[in-house]
>>> print(open('my_file08.cif').read())   # mmCIF, C-alpha atoms
data_coords
#
loop_
_atom_site.label_atom_id
_atom_site.label_comp_id
_atom_site.auth_asym_id
_atom_site.auth_seq_id
_atom_site.Cartn_x
_atom_site.Cartn_y
_atom_site.Cartn_z
CA MET N 1 -11.93 1.94 -41.53
CA ASP N 2 -13.41 -0.81 -43.72
CA ALA N 3 -11.28 -2.04 -46.58
CA PRO N 4 -12.39 -0.67 -49.93
CA VAL N 5 -14.53 -2.87 -52.12
CA THR N 6 -12.73 -3.92 -55.26
CA GLU N 7 -13.80 -2.77 -58.70
CA THR N 8 -14.89 -6.21 -59.88
CA LEU N 9 -15.49 -9.58 -58.31
CA THR N 10 -12.23 -11.31 -57.43
CA PRO N 11 -11.56 -14.86 -58.72
CA ALA N 12 -12.17 -16.12 -55.20
CA GLU N 13 -15.52 -14.34 -55.00
CA LEU N 14 -16.57 -15.67 -58.39
CA GLU N 15 -15.59 -19.23 -57.51
CA LYS N 16 -17.40 -19.04 -54.17
CA VAL N 17 -20.59 -17.59 -55.59
CA LEU N 18 -20.81 -19.68 -58.73
CA GLY N 19 -20.04 -22.84 -56.77
CA SER N 20 -22.62 -22.23 -54.06
CA PHE N 21 -25.61 -20.58 -55.73
CA ASP N 22 -28.16 -21.47 -58.31
CA ILE N 23 -28.27 -18.11 -60.08
CA PRO N 24 -31.33 -18.01 -62.37
CA PRO N 25 -30.38 -17.67 -66.04
CA CYS N 26 -32.06 -15.07 -68.16
CA PRO N 27 -34.97 -16.75 -70.02
CA SER N 28 -34.47 -17.12 -73.77
CA HIS N 29 -37.61 -15.15 -74.65
CA VAL N 30 -36.35 -12.24 -72.55
CA MET N 31 -33.03 -12.34 -74.36
CA GLN N 32 -34.94 -12.20 -77.65
CA VAL N 33 -36.90 -9.14 -76.53
CA MET N 34 -33.77 -7.40 -75.26
CA SER N 35 -31.90 -8.22 -78.47
CA GLU N 36 -34.69 -6.79 -80.63
CA ALA N 37 -35.10 -3.71 -78.41
CA GLN N 38 -31.40 -2.91 -78.61
CA ARG N 39 -31.29 -2.86 -82.41
CA ASP N 40 -30.83 0.49 -84.14
CA GLU N 41 -34.35 0.20 -85.57
CA PRO N 42 -36.38 -2.24 -83.43
CA ASP N 43 -39.31 -3.99 -85.06
CA THR N 44 -42.19 -3.06 -82.77
CA ARG N 45 -44.46 -5.71 -84.31
CA ARG N 46 -41.94 -8.42 -83.47
CA LEU N 47 -41.57 -6.96 -79.96
CA ALA N 48 -45.33 -7.06 -79.48
CA SER N 49 -45.44 -10.66 -80.70
CA LEU N 50 -42.63 -11.76 -78.36
CA ILE N 51 -44.17 -10.02 -75.35
CA SER N 52 -47.67 -11.27 -76.09
CA SER N 53 -46.40 -14.86 -76.11
CA ASP N 54 -45.80 -14.63 -72.35
CA VAL N 55 -48.91 -13.95 -70.26
CA GLY N 56 -47.04 -12.48 -67.29
CA MET N 57 -44.89 -10.25 -69.48
CA ALA N 58 -47.88 -9.00 -71.45
CA ALA N 59 -49.89 -8.28 -68.29
CA MET N 60 -47.05 -6.32 -66.68
CA THR N 61 -46.47 -4.33 -69.88
CA ILE N 62 -50.11 -3.23 -70.04
CA LYS N 63 -50.19 -2.55 -66.29
CA LEU N 64 -47.17 -0.22 -66.47
CA ALA N 65 -48.60 1.59 -69.49
CA ASN N 66 -51.72 2.35 -67.43
CA SER N 67 -49.77 3.25 -64.30
CA PRO N 68 -49.52 6.83 -62.96
CA LEU N 69 -46.00 7.08 -64.39
CA PHE N 70 -47.15 6.73 -68.00
CA ARG N 71 -50.93 6.89 -68.04
CA GLY N 72 -52.51 9.02 -70.76
CA ASN N 73 -56.08 10.03 -71.43
CA ALA N 74 -57.13 6.64 -72.81
CA HIS N 75 -56.86 3.22 -71.17
CA VAL N 76 -54.40 0.85 -72.85
CA ASP N 77 -55.65 -2.72 -73.30
CA SER N 78 -53.23 -4.29 -75.78
CA VAL N 79 -49.49 -4.90 -75.97
CA PRO N 80 -48.99 -2.86 -79.19
CA GLN N 81 -50.73 0.12 -77.56
CA ALA N 82 -48.60 -0.31 -74.46
CA ILE N 83 -45.39 -0.37 -76.51
CA ALA N 84 -46.44 2.80 -78.31
CA ARG N 85 -47.02 4.57 -74.99
CA LEU N 86 -44.03 3.27 -73.06
CA GLY N 87 -41.38 3.34 -75.77
CA VAL N 88 -38.85 0.61 -76.44
CA ARG N 89 -36.46 1.50 -73.61
CA ASN N 90 -39.15 1.21 -70.98
CA ILE N 91 -40.39 -2.04 -72.50
CA VAL N 92 -37.05 -3.64 -71.62
CA CYS N 93 -37.59 -2.63 -67.97
CA VAL N 94 -41.00 -4.31 -67.93
CA VAL N 95 -39.81 -7.49 -69.60
CA VAL N 96 -36.89 -7.87 -67.22
CA ALA N 97 -39.09 -7.18 -64.20
CA ALA N 98 -41.70 -9.77 -65.20
CA ALA N 99 -39.12 -12.45 -65.91
CA LEU N 100 -37.13 -11.68 -62.78
CA LYS N 101 -40.18 -12.09 -60.58
CA SER N 102 -41.16 -15.31 -62.35
CA SER N 103 -37.66 -16.78 -62.05
CA MET N 104 -37.69 -16.33 -58.27
CA SER N 105 -41.12 -17.87 -57.72
CA SER N 106 -40.16 -21.50 -57.08
CA GLY N 107 -39.14 -22.87 -53.71
CA LEU N 108 -40.23 -19.92 -51.57
CA PRO N 109 -43.50 -19.03 -49.79
CA GLU N 110 -45.76 -17.04 -52.08
CA SER N 111 -46.74 -14.55 -49.37
CA LEU N 112 -43.09 -13.76 -48.64
CA LEU N 113 -42.27 -13.24 -52.31
CA GLU N 114 -45.30 -11.04 -52.83
CA ARG N 115 -44.22 -8.75 -49.98
CA PHE N 116 -40.69 -8.62 -51.37
CA TRP N 117 -41.80 -7.77 -54.92
CA ASP N 118 -44.44 -5.30 -53.79
CA ARG N 119 -41.74 -3.37 -51.96
CA ALA N 120 -39.28 -3.75 -54.86
CA SER N 121 -41.89 -2.41 -57.28
CA MET N 122 -42.63 0.51 -54.97
CA ILE N 123 -38.93 1.42 -54.78
CA ALA N 124 -38.58 1.06 -58.56
CA VAL N 125 -41.53 3.36 -59.21
CA GLY N 126 -40.16 5.84 -56.67
CA SER N 127 -36.75 5.75 -58.31
CA GLY N 128 -38.36 6.42 -61.67
CA VAL N 129 -40.25 9.40 -60.25
CA ILE N 130 -37.08 10.88 -58.73
CA ALA N 131 -34.94 10.27 -61.82
CA GLY N 132 -37.59 11.94 -63.96
CA ARG N 133 -37.13 15.14 -61.95
CA LEU N 134 -33.34 15.18 -62.22
CA TYR N 135 -31.14 16.08 -65.16
CA GLY N 136 -28.96 13.42 -66.73
CA ILE N 137 -30.37 10.35 -64.94
CA SER N 138 -32.23 7.85 -67.10
CA ARG N 139 -35.64 7.00 -65.69
CA ASP N 140 -35.67 3.52 -67.22
CA ALA N 141 -32.16 2.79 -65.90
CA ALA N 142 -33.21 3.95 -62.43
CA TYR N 143 -36.31 1.75 -62.56
CA THR N 144 -34.37 -1.33 -63.71
CA TYR N 145 -31.55 -0.81 -61.22
CA ALA N 146 -34.00 -0.37 -58.35
CA LEU N 147 -35.66 -3.69 -59.23
CA PHE N 148 -32.31 -5.49 -59.45
CA HIS N 149 -30.35 -4.01 -56.57
CA ASP N 150 -31.87 -6.36 -53.97
CA ALA N 151 -33.00 -9.10 -56.39
CA ALA N 152 -30.42 -11.55 -55.03
CA ILE N 153 -32.20 -11.66 -51.66
CA PRO N 154 -34.65 -14.36 -52.87
CA VAL N 155 -31.65 -16.29 -54.23
CA LEU N 156 -30.08 -16.23 -50.77
CA MET N 157 -33.39 -17.25 -49.22
CA ARG N 158 -33.46 -20.34 -51.39
CA ARG N 159 -29.81 -21.17 -50.71
CA PHE N 160 -29.84 -20.73 -46.91
CA LYS N 161 -32.72 -21.92 -44.73
CA SER N 162 -31.69 -19.51 -41.97
CA TYR N 163 -31.63 -16.46 -44.24
CA SER N 164 -35.21 -15.34 -43.54
CA GLY N 165 -34.40 -15.20 -39.83
CA LEU N 166 -31.30 -13.12 -40.52
CA LEU N 167 -33.34 -10.74 -42.66
CA GLU N 168 -35.93 -10.30 -39.92
CA GLU N 169 -33.20 -9.71 -37.36
CA ALA N 170 -31.54 -7.06 -39.51
CA ASN N 171 -34.85 -5.26 -40.08
CA ALA N 172 -35.97 -5.45 -36.46
CA GLN N 173 -32.69 -4.24 -34.99
CA GLY N 174 -31.67 -1.83 -37.74
CA LEU N 175 -28.46 -3.73 -38.43
CA PRO N 176 -26.53 -3.55 -41.73
CA LEU N 177 -27.80 -6.47 -43.80
CA ALA N 178 -24.77 -6.88 -46.07
CA GLU N 179 -22.39 -7.08 -43.11
CA MET N 180 -24.56 -9.70 -41.42
CA GLU N 181 -24.74 -11.72 -44.65
CA MET N 182 -20.97 -11.67 -45.01
CA GLN N 183 -20.42 -12.72 -41.41
CA ARG N 184 -22.95 -15.55 -41.59
CA PHE N 185 -22.59 -16.79 -45.17
CA GLN N 186 -19.24 -15.36 -46.38
CA CYS N 187 -21.12 -13.65 -49.20
CA ASP N 188 -23.70 -10.87 -49.58
CA HIS N 189 -26.60 -10.06 -51.89
CA ALA N 190 -24.62 -7.29 -53.61
CA ILE N 191 -22.08 -9.81 -54.94
CA VAL N 192 -24.75 -12.28 -56.02
CA GLY N 193 -26.85 -9.45 -57.47
CA ALA N 194 -23.98 -8.22 -59.62
CA LEU N 195 -23.56 -11.68 -61.09
CA LEU N 196 -27.30 -11.93 -61.66
CA ALA N 197 -27.32 -8.57 -63.48
CA ARG N 198 -24.45 -9.65 -65.71
CA ASN N 199 -26.05 -13.03 -66.43
CA TRP N 200 -29.19 -11.22 -67.53
CA GLY N 201 -27.30 -9.05 -69.99
CA LEU N 202 -27.69 -5.77 -68.12
CA SER N 203 -25.10 -3.06 -68.64
CA ASP N 204 -21.82 -2.98 -66.77
CA LEU N 205 -22.99 0.32 -65.27
CA LEU N 206 -26.00 -1.31 -63.62
CA ALA N 207 -23.97 -4.31 -62.49
CA ARG N 208 -21.42 -2.04 -60.81
CA ALA N 209 -24.17 -0.08 -59.08
CA VAL N 210 -25.64 -3.33 -57.74
CA ARG N 211 -22.18 -4.50 -56.65
CA HIS N 212 -21.45 -1.37 -54.62
CA HIS N 213 -24.84 -0.31 -53.26
CA HIS N 214 -23.96 -1.42 -49.72
CA ASP N 215 -20.34 -0.26 -49.86
CA PRO N 216 -19.84 2.23 -46.98
CA GLN N 217 -17.26 4.01 -49.14
CA ALA N 218 -19.42 4.19 -52.29
CA TYR N 219 -19.50 8.01 -52.31
CA GLY N 220 -15.72 8.15 -52.17
CA LEU N 221 -14.78 5.47 -54.68
CA PRO N 222 -12.79 6.50 -57.77
CA GLU N 223 -14.55 6.85 -61.12
CA SER N 224 -12.67 3.80 -62.43
CA VAL N 225 -14.35 1.65 -59.78
CA LEU N 226 -17.79 3.25 -59.60
CA PRO N 227 -18.65 5.64 -62.45
CA ILE N 228 -20.63 8.74 -61.49
CA GLU N 229 -23.65 7.48 -63.46
CA ALA N 230 -23.71 4.27 -61.41
CA LEU N 231 -23.36 6.19 -58.15
CA SER N 232 -26.28 8.40 -59.17
CA LEU N 233 -28.46 5.30 -59.63
CA ILE N 234 -27.50 4.18 -56.13
CA ALA N 235 -28.29 7.62 -54.73
CA VAL N 236 -31.68 7.88 -56.46
CA THR N 237 -32.73 4.51 -55.07
CA GLN N 238 -31.49 5.35 -51.57
CA VAL N 239 -33.68 8.47 -51.60
CA ALA N 240 -36.62 6.40 -52.89
CA GLU N 241 -36.07 3.80 -50.17
CA TYR N 242 -35.94 6.46 -47.47
CA LEU N 243 -39.12 8.17 -48.65
CA ALA N 244 -40.93 4.84 -49.09
CA ALA N 245 -39.94 3.84 -45.54
CA GLU N 246 -41.42 7.11 -44.27
CA ILE N 247 -44.63 6.61 -46.23
CA LEU N 248 -44.97 3.04 -44.95
CA GLU N 249 -43.86 4.10 -41.46
CA GLU N 250 -41.04 1.58 -41.50
CA ARG N 251 -37.70 1.79 -39.70
CA ASP N 252 -34.63 1.46 -41.90
CA VAL N 253 -31.56 2.65 -40.05
CA GLU N 254 -29.10 1.83 -42.83
CA VAL N 255 -31.05 3.76 -45.47
CA GLY N 256 -31.40 6.66 -43.04
CA LEU N 257 -27.63 6.85 -42.61
CA LEU N 258 -27.07 7.06 -46.37
CA PHE N 259 -29.95 9.40 -47.15
CA ASP N 260 -28.12 12.67 -46.47
CA ARG N 261 -25.19 11.66 -48.67
CA ALA N 262 -27.54 10.61 -51.45
CA VAL N 263 -29.43 13.91 -51.34
CA LYS N 264 -26.18 15.87 -51.35
CA HIS N 265 -24.81 13.88 -54.27
CA LEU N 266 -27.97 14.48 -56.32
CA GLY N 267 -28.15 18.17 -55.36
CA ILE N 268 -31.76 17.92 -54.19
CA GLY N 269 -32.94 20.95 -52.22
CA GLU N 270 -35.35 20.85 -49.29
CA GLN N 271 -38.33 22.09 -51.31
CA ASP N 272 -37.52 19.72 -54.17
CA LEU N 273 -37.44 16.87 -51.69
CA LEU N 274 -40.87 17.82 -50.33
CA ASP N 275 -42.24 18.00 -53.89
CA ILE N 276 -40.77 14.59 -54.72
CA GLN N 277 -42.25 13.07 -51.58
CA GLU N 278 -45.67 14.53 -52.37
CA GLU N 279 -45.56 13.20 -55.92
CA LEU N 280 -44.36 9.82 -54.71
CA VAL N 281 -47.23 9.56 -52.23
CA GLU N 282 -49.73 10.33 -54.99
CA VAL N 283 -48.18 7.87 -57.42
CA LEU N 284 -47.99 5.04 -54.88
CA GLN N 285 -51.50 5.59 -53.56
CA ASP N 286 -52.87 5.78 -57.10
CA GLY N 287 -51.00 2.61 -58.07
CA ARG N 288 -52.42 0.48 -55.25
#
>>> encode(input="my_file08.cif", output="structure tokens")
Amino acid sequence: MDAPVTETLTPAELEKVLGSFDIPPCPSHVMQVMSEAQRDEPDTRRLASLISSDVGMAAMTIKLANSPLFRGNAHVDSVPQAIARLGVRNIVCVVVAAALKSSMSSGLPESLLERFWDRASMIAVGSGVIAGRLYGISRDAAYTYALFHDAAIPVLMRRFKSYSGLLEEANAQGLPLAEMEMQRFQCDHAIVGALLARNWGLSDLLARAVRHHHDPQAYGLPESVLPIEALSLIAVTQVAEYLAAEILEERDVEVGLLFDRAVKHLGIGEQDLLDIQEELVEVLQDGR
């Protein structure tokens, strides 16, 4: 049996990761948006001004407001309108997503990054759809977690020239990526991703979910290590990944192995699962 993953990063893990990786800091304008959004009474005019000052952030905000997840009767074409439709909590998701994508853009082939972020966005949308159908799981938290849970993969690509080959090998042979990363590089994207989430000011809950999303014992870890809310985020995204792989006709052995446990944890029945898959197909096709 594999040794249990510890609750937090050990000093040795921290030293190894921080000494070896260039972990992108959270941009100052994103921190400003997050700080304003987290106030008891956010100033929506200031939020609109901050978001509008960044072209990529503004474009993604308007795009999400017009997406199948939030679209209303009228088309949104301004940031203030988008904020009114999305709500402040969802705005944070958009801002983080735009900045995260931008921060990873240097030093890697554009085509590779586009494929990575297209898939990440698909999983995030799927996670939002699933969370919206379940009681007690925040849709915006599910969306943000889904974007972040594999966000350290581009960091590893930049750090190790051989990483792309390892990723292709894992996908082609259906091998567990995190185990291969640890064997080859003495670190995995879950560890780096947890640090990235913390550096970007995300909640401890999301950081823990990122840290443990490849842990084979995740569904048996004590609450003190992995709170039930964090485990639910992992489960929602594992279901989204499985359904997305089916829609795209991809082979993902690792996700397939975890799918049954995720469904059981979330209490999703067979008919509910079919309904979710149907809705997800419609949302993804409409969003393309």
>>> residues_around(input="my_file08.cif", residues="segment 259-262 of chain N", least_positions_apart="6", cutoff="7 Å", atoms="all atoms listed in the file", output="PyMOL selection string")
chain N and resi 235+238-239+242
>>> atom_distance(input="my_file08.cif", atom1="atom CA of His29 of chain N", atom2="atom CA of Ile83 of chain N")
16.8 Å
>>> residues_around(input="my_file08.cif", residues="segment 179-184 of chain N", least_positions_apart="2", cutoff="9 Å", atoms="all atoms listed in the file", output="ChimeraX atom specification")
/N:163,166-167,170,175-177,186-189,214
>>> residues_around(input="my_file08.cif", residues="Ala197 of chain N", least_positions_apart="6", cutoff="8 Å", atoms="all atoms listed in the file", output="list of chain:residue names")
N:Phe148, N:Ser203, N:Leu206, N:Ala207, N:Val210
>>> residues_around(input="my_file08.cif", residues="Ala152 of chain N", least_positions_apart="3", cutoff="8 Å", atoms="all atoms listed in the file", output="PDB file with C-alpha atoms, in the coordinates of the input")
ATOM      1  CA  PHE N 148     -32.310  -5.490 -59.450  1.00  0.00           C
ATOM      2  CA  HIS N 149     -30.350  -4.010 -56.570  1.00  0.00           C
ATOM      3  CA  VAL N 155     -31.650 -16.290 -54.230  1.00  0.00           C
ATOM      4  CA  LEU N 156     -30.080 -16.230 -50.770  1.00  0.00           C
ATOM      5  CA  HIS N 189     -26.600 -10.060 -51.890  1.00  0.00           C
ATOM      6  CA  ALA N 190     -24.620  -7.290 -53.610  1.00  0.00           C
ATOM      7  CA  VAL N 192     -24.750 -12.280 -56.020  1.00  0.00           C
ATOM      8  CA  GLY N 193     -26.850  -9.450 -57.470  1.00  0.00           C
ATOM      9  CA  LEU N 196     -27.300 -11.930 -61.660  1.00  0.00           C
TER      10      LEU N 196
END
>>> closest_residue(input="my_file08.cif", among="N:Ser138, N:Ser78, N:Arg159, N:Val263", to="Ser52 of chain N", atoms="all atoms listed in the file")
N:Ser78
